[in-house]
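Below: the structure, in structure tokens.
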Amino acid sequence: ATQLPVMPPRTVFLISFRDNAAQRAHFAVFVPDSEGSHKGTLIHVVGTPMAGYQLQFKRNYNIASTNRHYRKIQLGQVDTSKSRGRSGE
């Protein structure tokens, strides 16, 4: 049997955007292109209850270049072979 190469795990983060204390937070999942990278895919939902919601995938998103105040919370790690990203596509 052919063995697949062992890929390093990739850390996945919950991002909480909040511009001021009176505003409700907006949450997203951030999957970096590679371990330690500031660029990756931001996954979030936008919309309103009356108009509906839409799932968005923002590829090549640079979390370090945003002007919005955010918190980055580590969710866990995924096997790189189970995710698609710049280094795994």
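Ordered as shown in the structure tokens, chains take letters A, B, and onward, while each chain numbers its residues from 1 and ligands are numbered from 1 in the order shown.
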- [ ] Pull the strand (DSSP E or B) assignments for chain A out of DSSP run on the backbone, and list those residues as a ChimeraX atom specification.
- [x] /A:9-17,26-32,39-48,52-62,70-79
Those in chain A with helix (DSSP H, G or I) from DSSP, as a PDB file with N, CA, C and O atoms, in the first residue's frame:
```
ATOM      1  N   ILE A  63      -5.553  38.834   7.437  1.00  0.00           N
ATOM      2  CA  ILE A  63      -6.102  39.253   8.719  1.00  0.00           C
ATOM      3  C   ILE A  63      -5.274  40.374   9.335  1.00  0.00           C
ATOM      4  O   ILE A  63      -5.800  41.226  10.050  1.00  0.00           O
ATOM      5  N   ALA A  64      -3.982  40.419   9.048  1.00  0.00           N
ATOM      6  CA  ALA A  64      -3.107  41.445   9.628  1.00  0.00           C
ATOM      7  C   ALA A  64      -3.351  42.828   9.019  1.00  0.00           C
ATOM      8  O   ALA A  64      -2.987  43.831   9.618  1.00  0.00           O
ATOM      9  N   SER A  65      -3.978  42.906   7.854  1.00  0.00           N
ATOM     10  CA  SER A  65      -4.173  44.202   7.198  1.00  0.00           C
ATOM     11  C   SER A  65      -5.563  44.798   7.453  1.00  0.00           C
ATOM     12  O   SER A  65      -5.849  45.881   6.951  1.00  0.00           O
ATOM     13  N   THR A  80      -3.840  18.821   7.534  1.00  0.00           N
ATOM     14  CA  THR A  80      -3.740  19.580   6.292  1.00  0.00           C
ATOM     15  C   THR A  80      -4.288  18.805   5.101  1.00  0.00           C
ATOM     16  O   THR A  80      -4.848  19.387   4.181  1.00  0.00           O
ATOM     17  N   SER A  81      -4.175  17.487   5.126  1.00  0.00           N
ATOM     18  CA  SER A  81      -4.683  16.695   4.002  1.00  0.00           C
ATOM     19  C   SER A  81      -6.208  16.713   3.959  1.00  0.00           C
ATOM     20  O   SER A  81      -6.803  16.368   2.952  1.00  0.00           O
ATOM     21  N   LYS A  82      -6.869  17.159   5.051  1.00  0.00           N
ATOM     22  CA  LYS A  82      -8.334  17.201   5.106  1.00  0.00           C
ATOM     23  C   LYS A  82      -8.865  18.578   4.784  1.00  0.00           C
ATOM     24  O   LYS A  82     -10.077  18.796   4.764  1.00  0.00           O
TER      25      LYS A  82
END
```
Mind running segment 41-71 of chain A against segment 6-24 of chain A at 10 Å and telling me each contacting residue's nearest atom pair with the distance in Å (one decimal), counting only C-alpha atoms, chain and number ascending, as CSV?
```
residue,atom,partner,partner_atom,distance
A:Leu42,CA,A:Ile15,CA,8.8
A:Ile43,CA,A:Leu14,CA,9.7
A:His44,CA,A:Ile15,CA,9.6
A:Ile63,CA,A:Ile15,CA,9.3
A:Asn67,CA,A:Asp19,CA,9.3
A:Arg68,CA,A:Asp19,CA,6.1
A:His69,CA,A:Asp19,CA,5.4
A:Tyr70,CA,A:Phe17,CA,4.3
A:Arg71,CA,A:Ser16,CA,5.1
```
Using only all heavy atoms, please write the residues we just selected to a file, as a JSON list (two decimals), in the first residue's frame.
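Wrote selection_27.json, looks like this:
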```
[["chain", "number", "residue", "atom", "x", "y", "z"],
["A", 42, "LEU", "N", -11.21, 33.38, 5.07],
["A", 42, "LEU", "CA", -12.14, 33.82, 6.11],
["A", 42, "LEU", "C", -13.52, 33.31, 5.72],
["A", 42, "LEU", "O", -13.99, 33.58, 4.61],
["A", 42, "LEU", "CB", -12.13, 35.34, 6.21],
["A", 42, "LEU", "CG", -12.91, 35.91, 7.38],
["A", 42, "LEU", "CD1", -12.09, 35.76, 8.66],
["A", 42, "LEU", "CD2", -13.25, 37.38, 7.15],
["A", 43, "ILE", "N", -14.15, 32.58, 6.61],
["A", 43, "ILE", "CA", -15.48, 32.01, 6.35],
["A", 43, "ILE", "C", -16.45, 32.68, 7.30],
["A", 43, "ILE", "O", -16.27, 32.63, 8.53],
["A", 43, "ILE", "CB", -15.48, 30.49, 6.58],
["A", 43, "ILE", "CG1", -14.39, 29.82, 5.75],
["A", 43, "ILE", "CG2", -16.85, 29.90, 6.27],
["A", 43, "ILE", "CD1", -14.08, 28.39, 6.16],
["A", 44, "HIS", "N", -17.48, 33.33, 6.74],
["A", 44, "HIS", "CA", -18.46, 34.00, 7.60],
["A", 44, "HIS", "C", -19.80, 34.13, 6.88],
["A", 44, "HIS", "O", -19.92, 33.81, 5.71],
["A", 44, "HIS", "CB", -17.94, 35.35, 8.09],
["A", 44, "HIS", "CG", -17.86, 36.40, 7.02],
["A", 44, "HIS", "ND1", -18.24, 37.69, 7.22],
["A", 44, "HIS", "CD2", -17.42, 36.35, 5.75],
["A", 44, "HIS", "CE1", -18.05, 38.40, 6.12],
["A", 44, "HIS", "NE2", -17.55, 37.59, 5.22],
["A", 63, "ILE", "N", -5.55, 38.83, 7.44],
["A", 63, "ILE", "CA", -6.10, 39.25, 8.72],
["A", 63, "ILE", "C", -5.27, 40.37, 9.34],
["A", 63, "ILE", "O", -5.80, 41.23, 10.05],
["A", 63, "ILE", "CB", -6.25, 38.05, 9.68],
["A", 63, "ILE", "CG1", -7.08, 38.41, 10.91],
["A", 63, "ILE", "CG2", -4.91, 37.48, 10.09],
["A", 63, "ILE", "CD1", -8.54, 38.51, 10.65],
["A", 67, "ASN", "N", -8.52, 46.86, 9.26],
["A", 67, "ASN", "CA", -8.60, 48.02, 10.14],
["A", 67, "ASN", "C", -9.57, 47.79, 11.29],
["A", 67, "ASN", "O", -9.70, 48.63, 12.16],
["A", 67, "ASN", "CB", -9.02, 49.26, 9.34],
["A", 67, "ASN", "CG", -7.96, 49.69, 8.36],
["A", 67, "ASN", "OD1", -6.77, 49.51, 8.61],
["A", 67, "ASN", "ND2", -8.38, 50.23, 7.24],
["A", 68, "ARG", "N", -10.26, 46.67, 11.26],
["A", 68, "ARG", "CA", -11.25, 46.37, 12.30],
["A", 68, "ARG", "C", -10.57, 45.76, 13.52],
["A", 68, "ARG", "O", -9.60, 45.03, 13.40],
["A", 68, "ARG", "CB", -12.29, 45.39, 11.76],
["A", 68, "ARG", "CG", -13.04, 45.94, 10.56],
["A", 68, "ARG", "CD", -13.98, 44.94, 9.98],
["A", 68, "ARG", "NE", -15.08, 44.71, 10.92],
["A", 68, "ARG", "CZ", -15.99, 43.77, 10.75],
["A", 68, "ARG", "NH1", -15.94, 42.98, 9.71],
["A", 68, "ARG", "NH2", -16.95, 43.62, 11.63],
["A", 69, "HIS", "N", -11.10, 46.08, 14.69],
["A", 69, "HIS", "CA", -10.58, 45.50, 15.92],
["A", 69, "HIS", "C", -11.09, 44.05, 15.99],
["A", 69, "HIS", "O", -12.26, 43.79, 15.75],
["A", 69, "HIS", "CB", -11.07, 46.30, 17.12],
["A", 69, "HIS", "CG", -10.60, 45.78, 18.43],
["A", 69, "HIS", "ND1", -9.94, 44.59, 18.60],
["A", 69, "HIS", "CD2", -10.69, 46.29, 19.67],
["A", 69, "HIS", "CE1", -9.66, 44.40, 19.86],
["A", 69, "HIS", "NE2", -10.11, 45.42, 20.54],
["A", 70, "TYR", "N", -10.20, 43.11, 16.30],
["A", 70, "TYR", "CA", -10.61, 41.70, 16.35],
["A", 70, "TYR", "C", -9.84, 40.95, 17.42],
["A", 70, "TYR", "O", -8.78, 41.36, 17.85],
["A", 70, "TYR", "CB", -10.42, 41.02, 14.99],
["A", 70, "TYR", "CG", -8.97, 40.85, 14.56],
["A", 70, "TYR", "CD1", -8.27, 39.69, 14.87],
["A", 70, "TYR", "CD2", -8.30, 41.84, 13.86],
["A", 70, "TYR", "CE1", -6.95, 39.52, 14.49],
["A", 70, "TYR", "CE2", -6.99, 41.68, 13.47],
["A", 70, "TYR", "CZ", -6.32, 40.52, 13.79],
["A", 70, "TYR", "OH", -5.01, 40.36, 13.41],
["A", 71, "ARG", "N", -10.43, 39.84, 17.83],
["A", 71, "ARG", "CA", -9.77, 38.87, 18.71],
["A", 71, "ARG", "C", -9.62, 37.59, 17.92],
["A", 71, "ARG", "O", -10.52, 37.19, 17.18],
["A", 71, "ARG", "CB", -10.62, 38.58, 19.95],
["A", 71, "ARG", "CG", -10.47, 39.59, 21.03],
["A", 71, "ARG", "CD", -11.25, 39.23, 22.28],
["A", 71, "ARG", "NE", -11.02, 37.85, 22.68],
["A", 71, "ARG", "CZ", -11.87, 37.14, 23.41],
["A", 71, "ARG", "NH1", -13.01, 37.66, 23.80],
["A", 71, "ARG", "NH2", -11.60, 35.91, 23.73]]
```
Open item on the list: Counting only C-alpha atoms, which residue out of A:Thr66, A:Phe57, A:Asp79, A:Gln3 sits closest to His38 of chain A?
Closed with: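 Once distances to His38 of chain A are computed over only C-alpha atoms, the minimum belongs to A:Thr66.
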Open item on the list: Between atom CA of Gly36 of chain A and atom CA of Leu55 of chain A, what is the distance in Å, rounded to a tenth?
Closed with: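 Computing it gives 25.2 Å between the two atoms.
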Open item on the list: Restricting the calculation to only C-alpha atoms: of A:Ser34, A:Ala28, A:Gly47, A:Thr2, which residue gets closest to Val78 of chain A?
Closed with: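 Among the listed residues, the smallest separation from Val78 of chain A belongs to A:Ser34.
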Task: Exercise: Lys39 of chain A partners within 6 Å, only C-alpha atoms, chain neighbours under 4 positions left out, as a VMD selection string - done: chain A and resid 32 to 33 60 to 62
Go ahead and save the picked residues with N, CA and C atoms, as an mmCIF file, in the first residue's frame.
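For reference, result.cif as written:
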```
data_model
loop_
_atom_site.group_PDB
_atom_site.id
_atom_site.type_symbol
_atom_site.label_atom_id
_atom_site.label_comp_id
_atom_site.auth_asym_id
_atom_site.auth_seq_id
_atom_site.Cartn_x
_atom_site.Cartn_y
_atom_site.Cartn_z
ATOM 1 N N PRO A 32 -5.688 29.713 8.008
ATOM 2 C CA PRO A 32 -4.507 30.266 7.334
ATOM 3 C C PRO A 32 -4.041 29.372 6.188
ATOM 4 N N ASP A 33 -3.397 30.003 5.192
ATOM 5 C CA ASP A 33 -2.876 29.243 4.050
ATOM 6 C C ASP A 33 -1.806 28.248 4.487
ATOM 7 N N ASN A 60 -7.545 34.421 0.219
ATOM 8 C CA ASN A 60 -6.425 35.366 0.229
ATOM 9 C C ASN A 60 -6.681 36.544 1.167
ATOM 10 N N TYR A 61 -7.476 36.316 2.198
ATOM 11 C CA TYR A 61 -7.779 37.361 3.176
ATOM 12 C C TYR A 61 -6.567 37.547 4.086
ATOM 13 N N ASN A 62 -6.111 38.788 4.242
ATOM 14 C CA ASN A 62 -4.966 39.073 5.108
ATOM 15 C C ASN A 62 -5.492 39.663 6.409
#
```
